[in-house]
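Visitor: Dropping the structure in here first, questions after.
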Amino acid sequence: MPTKLLQIPTTDGQADAFAAFPDHGERHPGVLMYADAFGIRPVLREMARELAGHGYYVLVPNFFYRHGPAPLIELPEHIGEEVRSEAVAQLMPLIEAHTAERVLSDADAYLRFLTTQPEVGAGPVAVTGYCIGGLLAMRTAAAHPGQVAAVAGFHGPVGADGPDSLHRLTGEVHFGHAETDMTPEALGELNQALDAAGVGYTSEIYPGTLHGFTMSDTDAFNPAALQRHWDRLLPLLDRTLANT
């Protein structure tokens, strides 16, 4: 599986990024993948390669690039609870500095870069994200409704921007929530807002899950939920990007 380390030009500098794509010598639909707050690391690179193996060009930017290239903080091979709180404390100032204005400016740059890569075909793209990356994915899709054909967010605060942002979505949506992040009552409210927005969607709580359930290098990892995530994400991309 070919991979590349890239530099994405932005209004504030250069964002380092990782890309994976099939070795077929042809063009493929583009997918912008936002990492969780821990950023680009072996588990994210493996997930990008896994997705690329299904026929997609997958671009994973370091959205904290203003503070330096990835990895921004030292992480162990396994992010256990004993180090998680310290790592989150280190990252929280970066999260707080990543304003909505920065998110949208960067999204423009990421999509412009993605769609001009020689391995990426013409047509719409998809955006997916994990944890805070799920929120970034939704904001990106809402800001580019004609370009983003599908958006997926996993264990992320996808409803944080309220109903107005959902009305700007035009692509198909999947949200996979952790049981510890979303109550059934909150899920009902979010899904009512999606109904009102008139978009095609699935939005569900993955049973028995903790925040971060897709990440195999954390204590929250749930293999069954990771597979459920693939079972939702791959058909979504196939439906929306198959003809691009």
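Order determines the names: the first chain of the structure tokens is A, the second B, and so forth; residues in each chain are numbered 1 upward, and ligands are numbered 1 upward as they are shown.
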Out of segment 46-239 of chain A, which residues get strand (DSSP E) from DSSP, as a PyMOL selection string?
Guide: chain A and resi 57-61+125-130+148-154+172-178+201-206
Visitor: What's around Asp181 of chain A at 12 Å? Count only C-alpha atoms, leave out sequence neighbours fewer than 4 positions away in its own chain, and write the answer as an MDAnalysis selection string.
Guide: chainID A and resid 131 154:159 176:177 185:187 204:213
Visitor: What residues in segment 41-195 of chain A get the DSSP label alpha helix (DSSP H)? Please answer as a ChimeraX atom specification.
Guide: /A:42-52,81-97,100-115,132-143,163-166,184-195
Visitor: Rank nothing, just name the residue among A:Arg168, A:His144, A:Arg239, A:Arg139 nearest to Thr99 of chain A, using only C-alpha atoms.
Guide: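 Of all the options, A:Arg139 lies closest to Thr99 of chain A.
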Visitor: Show me, as a list in words, the residues that have an atom within 7 Å of Ala19 of chain A when counting only C-alpha atoms, minus same-chain residues fewer than 2 positions from it.
Guide: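 Contacts, in chain order: Thr3, Lys4, Leu5, Ala17, Phe21, Val58, Leu59 and Val60 of chain A.
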Visitor: Smallest atom-to-atom distance to Ile8 of chain A: which of A:Ala224, A:Ala143, A:Leu166, A:Leu111, using only C-alpha atoms?
Guide: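 With only C-alpha atoms as the atom set, the closest residue is A:Leu111.
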Visitor: Please identify all polymer residues within 12 Å of Gly25 of chain A, counting only C-alpha atoms, omitting same-chain residues fewer than 5 positions from it, and present them as a ChimeraX atom specification.
Guide: /A:1-2,55,57,118-121
